[in-house]
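Below is work_27.cif, holding mmCIF, C-alpha atoms.
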```cif
data_start
#
loop_
_atom_site.label_atom_id
_atom_site.label_comp_id
_atom_site.auth_asym_id
_atom_site.auth_seq_id
_atom_site.Cartn_x
_atom_site.Cartn_y
_atom_site.Cartn_z
CA MET Q 115 219.57 122.53 204.82
CA GLU Q 116 217.09 124.11 202.41
CA LYS Q 117 217.40 123.19 198.77
CA SER Q 118 217.90 126.18 196.48
CA VAL Q 119 216.17 126.28 193.09
CA ALA Q 120 216.05 128.99 190.42
CA VAL Q 121 213.08 129.12 188.04
CA ILE Q 122 213.78 131.05 184.86
CA GLY Q 123 210.59 131.99 183.02
CA LEU Q 124 207.39 132.67 184.94
CA GLY Q 125 204.63 131.64 182.60
CA ARG Q 126 201.74 129.60 183.97
CA PHE Q 127 203.94 126.55 184.55
CA GLY Q 128 207.00 128.39 185.89
CA LYS Q 129 204.94 130.53 188.25
CA LYS Q 130 203.13 127.50 189.70
CA LEU Q 131 206.41 125.62 190.05
CA ALA Q 132 208.19 128.48 191.81
CA CYS Q 133 205.35 129.03 194.29
CA SER Q 134 204.97 125.29 194.95
CA LEU Q 135 208.69 124.89 195.63
CA TYR Q 136 208.59 127.80 198.07
CA ASP Q 137 205.51 126.38 199.83
CA MET Q 138 207.41 123.11 200.27
CA GLY Q 139 210.28 124.86 202.01
CA ALA Q 140 212.77 125.49 199.19
CA ASP Q 141 214.86 128.63 198.77
CA VAL Q 142 213.49 129.92 195.44
CA LEU Q 143 214.84 132.48 192.98
CA ALA Q 144 212.15 133.38 190.41
CA VAL Q 145 213.28 135.18 187.23
CA ASP Q 146 211.42 136.71 184.29
CA ARG Q 147 211.83 139.64 181.92
CA ASN Q 148 208.30 140.91 182.66
CA GLU Q 149 208.27 143.23 185.67
CA GLU Q 150 204.56 142.79 186.35
CA ILE Q 151 204.85 139.00 186.48
CA VAL Q 152 207.89 139.22 188.76
CA ALA Q 153 206.01 141.58 191.08
CA SER Q 154 203.04 139.18 191.20
CA VAL Q 155 205.17 136.35 192.65
CA SER Q 156 207.49 138.40 194.85
CA GLY Q 157 205.55 137.58 198.01
CA ASN Q 158 205.47 133.84 197.29
CA VAL Q 159 209.16 133.11 196.64
CA THR Q 160 212.45 133.92 198.36
CA TYR Q 161 213.72 136.25 195.64
CA ALA Q 162 211.96 137.58 192.54
CA VAL Q 163 214.16 139.27 189.92
CA THR Q 164 213.51 140.98 186.60
CA ALA Q 165 216.23 140.15 184.07
CA ASP Q 166 216.79 139.74 180.34
CA VAL Q 167 217.16 135.97 180.23
CA THR Q 168 218.30 136.11 176.60
CA ASN Q 169 221.50 137.82 177.79
CA PRO Q 170 224.21 135.41 179.10
CA ASP Q 171 225.76 138.14 181.28
CA ALA Q 172 222.38 138.88 182.87
CA ILE Q 173 221.94 135.17 183.72
CA LYS Q 174 225.44 134.99 185.21
CA GLY Q 175 224.69 138.03 187.34
CA LEU Q 176 221.78 136.29 189.07
CA GLY Q 177 224.00 134.11 191.27
CA ILE Q 178 222.75 131.01 189.47
CA LYS Q 179 225.97 129.08 190.08
CA GLU Q 180 225.12 128.90 193.79
CA MET Q 181 221.87 127.02 193.15
CA ASP Q 182 221.29 123.30 193.70
CA ALA Q 183 219.03 123.20 190.65
CA VAL Q 184 217.75 125.44 187.88
CA VAL Q 185 214.52 125.05 185.92
CA VAL Q 186 214.44 126.74 182.51
CA ALA Q 187 210.69 127.19 182.02
CA MET Q 188 210.55 129.08 178.71
CA GLY Q 189 209.05 126.28 176.66
CA SER Q 190 207.90 128.43 173.74
CA ASP Q 191 211.23 130.24 173.23
CA LEU Q 192 213.82 127.80 171.92
CA THR Q 193 216.65 130.32 171.50
CA SER Q 194 216.32 131.70 175.04
CA SER Q 195 215.97 128.20 176.48
CA ILE Q 196 219.14 127.00 174.74
CA MET Q 197 221.04 130.02 176.02
CA ALA Q 198 219.81 129.61 179.58
CA VAL Q 199 220.58 125.88 179.68
CA MET Q 200 224.08 126.33 178.24
CA VAL Q 201 224.99 129.19 180.59
CA THR Q 202 223.71 127.46 183.73
CA LYS Q 203 225.61 124.26 182.91
CA GLU Q 204 228.77 126.25 182.13
CA LEU Q 205 228.45 127.87 185.56
CA GLY Q 206 228.48 124.43 187.16
CA VAL Q 207 224.85 124.08 188.26
CA PRO Q 208 224.57 120.37 189.16
CA TYR Q 209 221.01 119.82 187.94
CA VAL Q 210 219.23 121.69 185.14
CA MET Q 211 215.65 120.92 184.16
CA ALA Q 212 214.19 122.45 181.00
CA LYS Q 213 210.62 122.82 179.77
CA ALA Q 214 210.02 121.94 176.12
CA SER Q 215 206.98 122.56 173.93
CA ASP Q 216 207.55 119.34 171.97
CA HIS Q 217 209.88 116.34 171.84
CA ARG Q 218 212.07 117.82 169.11
CA MET Q 219 212.76 120.84 171.30
CA GLY Q 220 213.41 118.46 174.17
CA GLN Q 221 216.06 116.62 172.17
CA ILE Q 222 217.82 119.90 171.37
CA LEU Q 223 217.83 121.02 175.00
CA GLU Q 224 219.24 117.66 176.05
CA ARG Q 225 222.02 118.08 173.49
CA VAL Q 226 223.07 121.40 175.01
CA GLY Q 227 223.20 120.03 178.54
CA ALA Q 228 219.76 119.79 180.19
CA ASP Q 229 219.66 116.93 182.73
CA LYS Q 230 215.89 116.44 182.44
CA ILE Q 231 213.24 117.60 180.00
CA ILE Q 232 209.67 118.31 181.09
CA PHE Q 233 206.63 118.68 178.87
CA PRO Q 234 203.70 120.85 180.03
CA GLU Q 235 201.13 118.35 178.75
CA GLU Q 236 202.71 115.62 180.86
CA GLU Q 237 203.77 117.48 184.00
CA THR Q 238 202.36 120.13 186.31
CA GLY Q 239 204.28 122.62 188.37
CA LEU Q 240 203.26 120.91 191.60
CA ARG Q 241 204.32 117.41 190.46
CA THR Q 242 207.64 118.75 189.24
CA ALA Q 243 208.21 120.54 192.53
CA ARG Q 244 207.90 117.36 194.56
CA THR Q 245 210.33 115.46 192.30
CA LEU Q 246 212.87 118.24 192.66
CA LEU Q 247 212.68 118.33 196.44
CA SER Q 248 212.65 114.66 197.38
CA ASP Q 249 214.16 111.47 196.05
CA SER Q 250 211.71 109.58 198.29
CA PHE Q 251 208.54 110.50 196.37
CA LEU Q 252 207.37 107.89 193.87
CA GLU Q 253 203.83 109.00 192.99
CA PHE Q 254 201.79 112.04 193.90
CA PHE Q 255 198.00 112.38 193.60
CA GLU Q 256 195.83 115.38 194.43
CA ILE Q 257 192.70 114.38 196.36
CA ASP Q 258 191.33 117.91 196.65
CA LYS Q 259 192.73 121.42 197.03
CA ASN Q 260 194.03 120.63 200.54
CA LEU Q 261 194.82 116.91 200.63
CA CYS Q 262 197.17 114.70 198.65
CA LEU Q 263 198.01 111.01 198.45
CA LEU Q 264 201.69 110.17 198.27
CA GLU Q 265 203.50 106.94 197.49
CA MET Q 266 207.00 107.16 198.89
CA LYS Q 267 210.10 105.29 199.89
CA PRO Q 268 211.07 105.48 203.58
CA LYS Q 269 213.66 108.02 204.63
CA LYS Q 270 217.03 106.47 205.55
CA GLU Q 271 216.53 107.22 209.22
CA TRP Q 272 213.20 105.33 209.20
CA VAL Q 273 214.68 102.00 208.07
CA GLY Q 274 214.79 99.39 210.83
CA LYS Q 275 212.21 101.14 213.00
CA ASN Q 276 208.50 100.35 213.25
CA LEU Q 277 205.62 102.79 212.82
CA VAL Q 278 205.06 103.07 216.56
CA GLU Q 279 208.66 104.16 217.08
CA LEU Q 280 208.58 106.51 214.11
CA ASN Q 281 205.39 108.29 215.23
CA LEU Q 282 204.99 109.73 211.73
CA ARG Q 283 201.64 111.39 212.42
CA GLU Q 284 203.15 113.51 215.18
CA LYS Q 285 206.54 114.25 213.57
CA TYR Q 286 205.55 114.65 209.90
CA LYS Q 287 201.76 115.13 210.02
CA ILE Q 288 201.17 112.13 207.74
CA ASN Q 289 198.80 109.17 207.97
CA VAL Q 290 200.02 105.82 206.62
CA VAL Q 291 197.09 104.08 204.90
CA ALA Q 292 198.89 101.17 203.19
CA VAL Q 293 202.29 99.50 202.95
CA LYS Q 294 203.82 97.86 199.90
CA ASP Q 295 206.24 94.96 200.40
CA ASN Q 296 207.44 92.57 197.68
CA SER Q 297 205.22 94.34 195.08
CA GLU Q 298 202.10 93.73 197.18
CA MET Q 299 200.11 96.64 198.61
CA ARG Q 300 198.52 95.85 201.98
CA SER Q 301 195.93 97.95 203.79
CA PHE Q 302 196.46 95.96 206.99
CA ILE Q 303 199.51 97.47 208.65
CA ASP Q 304 201.41 95.83 211.48
CA PRO Q 305 202.61 98.89 213.45
CA TYR Q 306 205.36 96.82 215.09
CA ARG Q 307 206.87 95.48 211.88
CA PRO Q 308 210.20 97.24 211.10
CA VAL Q 309 210.24 99.35 207.95
CA GLU Q 310 212.66 97.96 205.37
CA GLU Q 311 214.60 99.85 202.71
CA GLU Q 312 212.43 98.28 199.97
CA THR Q 313 209.17 99.14 201.75
CA GLU Q 314 206.89 101.67 200.04
CA LEU Q 315 204.41 103.69 202.05
CA LEU Q 316 201.09 105.10 200.87
CA VAL Q 317 200.31 108.17 202.97
CA ILE Q 318 197.72 110.95 203.13
CA LEU Q 319 198.65 114.46 204.21
CA GLU Q 320 197.84 118.12 203.79
CA LYS Q 321 199.66 119.70 200.83
CA SER Q 322 200.95 122.40 203.17
CA ASP Q 323 202.76 119.70 205.19
CA LEU Q 324 204.78 118.36 202.24
CA LYS Q 325 207.65 120.57 203.38
CA TYR Q 326 208.19 118.30 206.38
CA LEU Q 327 209.07 115.41 204.06
CA LYS Q 328 211.55 117.27 201.82
#
```
Encoded form using structure tokens:
Amino acid sequence: MEKSVAVIGLGRFGKKLACSLYDMGADVLAVDRNEEIVASVSGNVTYAVTADVTNPDAIKGLGIKEMDAVVVAMGSDLTSSIMAVMVTKELGVPYVMAKASDHRMGQILERVGADKIIFPEEETGLRTARTLLSDSFLEFFEIDKNLCLLEMKPKKEWVGKNLVELNLREKYKINVVAVKDNSEMRSFIDPYRPVEEETELLVILEKSDLKYLK
């Protein structure tokens, strides 16, 4: 089942986040008060809506309560961010992430209900997208515009099976380059050794194939 995420505020960070989530296979609702910005992302998300995000009734009318997660990405507007966080939590959204311009703003947004605070100088839209879509991802590194290196925990259905049985290259389009067991990273991989729950895999894949690991 696709994960549904609403991104409120389509500045540079919010726009990148919304498009990255959509590319990874999420059902994305992108919201901003600027019609031109909304139009610019309409072809790269599931739904793009123009709305006055300072108005609680307008936020409620977006169908936000049906979302798995909401990202409030208006880091420079404290008042609007507070309103959006409070309304989304009141509607019962299980996970609300909020962008903050500084740590003081982050503390305030936490006080009004945000589950996680993100800072633009410490996060990128792409890195945030992968943390939203998978609990398996531990670290993410861009190699170039097409490739990425990912450190991840095995999926539950992988545990107890070896790499030959899993056939990850065919099923998920990933190449395992190292395995970490007992805090030791090994480049020599025994393809017949069963993957354990504590095992960490270092894999290389195309960014466009991240959706297969969500």
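Here the question is which of Q:Asp295, Q:Glu116, Q:Asp191, Q:Glu312 gets nearest to Thr160 in chain Q using all atoms listed in the file, and that residue is Q:Glu116.
By chain and then residue number, the residues within 9 Å of Val309 in chain Q are Pro268, Trp272, Val273, Gly274, Lys275, Asn276, Leu277 and Glu314 of chain Q, counting all atoms listed in the file and disregarding those fewer than 5 positions away in sequence.
Of note, CA of Ala214 in chain Q and CA of Ala165 in chain Q are spaced 20.8 Å apart.
In this structure, CA of Glu224 in chain Q sits 17.7 Å away from CA of Val121 in chain Q.
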If the PyMOL selection byres ((chain Q and resi 145) around 10) were run on this exact file, what residues would it hold? Put them as a PyMOL selection string. chain Q and resi 120-124+128-129+132+142-144+146-149+151-152+155+161-167+173+176+186-187
Hey, can you check how far CA of Leu131 in chain Q sits from CA of Ala183 in chain Q? 12.9 Å
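When the PyMOL selection byres ((chain Q and resi 158) around 8) is run on the displayed coordinates, the residues it returns are Cys133, Tyr136, Asp137, Val155, Ser156, Gly157, Val159 and Thr160 of chain Q.
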Translate the PyMOL selection byres ((chain Q and resi 291) around 10), as applied to the file shown, into an explicit residue set as a short mmCIF file (atom, residue, chain, number, x, y, z; two decimals) with C-alpha atoms, in the frame of the given file.
```cif
data_model
loop_
_atom_site.label_atom_id
_atom_site.label_comp_id
_atom_site.auth_asym_id
_atom_site.auth_seq_id
_atom_site.Cartn_x
_atom_site.Cartn_y
_atom_site.Cartn_z
CA LEU Q 263 198.01 111.01 198.45
CA ILE Q 288 201.17 112.13 207.74
CA ASN Q 289 198.80 109.17 207.97
CA VAL Q 290 200.02 105.82 206.62
CA ALA Q 292 198.89 101.17 203.19
CA VAL Q 293 202.29 99.50 202.95
CA ARG Q 300 198.52 95.85 201.98
CA SER Q 301 195.93 97.95 203.79
CA PHE Q 302 196.46 95.96 206.99
CA ILE Q 303 199.51 97.47 208.65
CA LEU Q 315 204.41 103.69 202.05
CA LEU Q 316 201.09 105.10 200.87
CA VAL Q 317 200.31 108.17 202.97
CA ILE Q 318 197.72 110.95 203.13
#
```
Using only C-alpha atoms, pick whichever of Q:Asp171, Q:Glu150, Q:Leu324, Q:Arg283 has the shortest atom-to-atom distance to Asn260 in chain Q. Q:Leu324
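For the choices Q:Val119, Q:Leu282, Q:Ile196, Q:Ile178, the atom-to-atom distance to Val226 in chain Q is smallest for Q:Ile196 when using all atoms listed in the file.
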Would you kindly return, as number ranges by chain, each protein, DNA or RNA residue with an atom no farther than 10 Å from any atom of Ile232 in chain Q, considering all atoms listed in the file and excluding same-chain residues fewer than 5 positions away? Q: 185-187, 189, 211-217, 220, 237-238, 242
Using only C-alpha atoms, which of Q:Ile257, Q:Met266, Q:Leu319, Q:Ala198 sits nearest Thr168 in chain Q? Q:Ala198
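With distances taken over all atoms listed in the file, Q:Pro234 is the one residue among Q:Pro234, Q:Leu280, Q:Lys179, Q:Gly227 lying closest to Lys130 in chain Q.
Among the candidate residues Q:Leu261, Q:Val199, Q:Leu223, Q:Ala140, the one lying nearest to Ser118 in chain Q is Q:Ala140, with distances computed using all atoms listed in the file.
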Given the point (203.1, 117.7, 200.0) in the file's coordinates, find the residues that have an atom at most 8 Å from it, counting only C-alpha atoms, and give them as a PDB file with C-alpha atoms, in the coordinates of the input.
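As a result, result16.pdb now contains:
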```pdb
ATOM      1  CA  MET Q 138     207.410 123.110 200.270  1.00  0.00           C
ATOM      2  CA  ARG Q 244     207.900 117.360 194.560  1.00  0.00           C
ATOM      3  CA  CYS Q 262     197.170 114.700 198.650  1.00  0.00           C
ATOM      4  CA  LEU Q 264     201.690 110.170 198.270  1.00  0.00           C
ATOM      5  CA  LEU Q 319     198.650 114.460 204.210  1.00  0.00           C
ATOM      6  CA  GLU Q 320     197.840 118.120 203.790  1.00  0.00           C
ATOM      7  CA  LYS Q 321     199.660 119.700 200.830  1.00  0.00           C
ATOM      8  CA  SER Q 322     200.950 122.400 203.170  1.00  0.00           C
ATOM      9  CA  ASP Q 323     202.760 119.700 205.190  1.00  0.00           C
ATOM     10  CA  LEU Q 324     204.780 118.360 202.240  1.00  0.00           C
ATOM     11  CA  LYS Q 325     207.650 120.570 203.380  1.00  0.00           C
ATOM     12  CA  LEU Q 327     209.070 115.410 204.060  1.00  0.00           C
TER      13      LEU Q 327
END
```
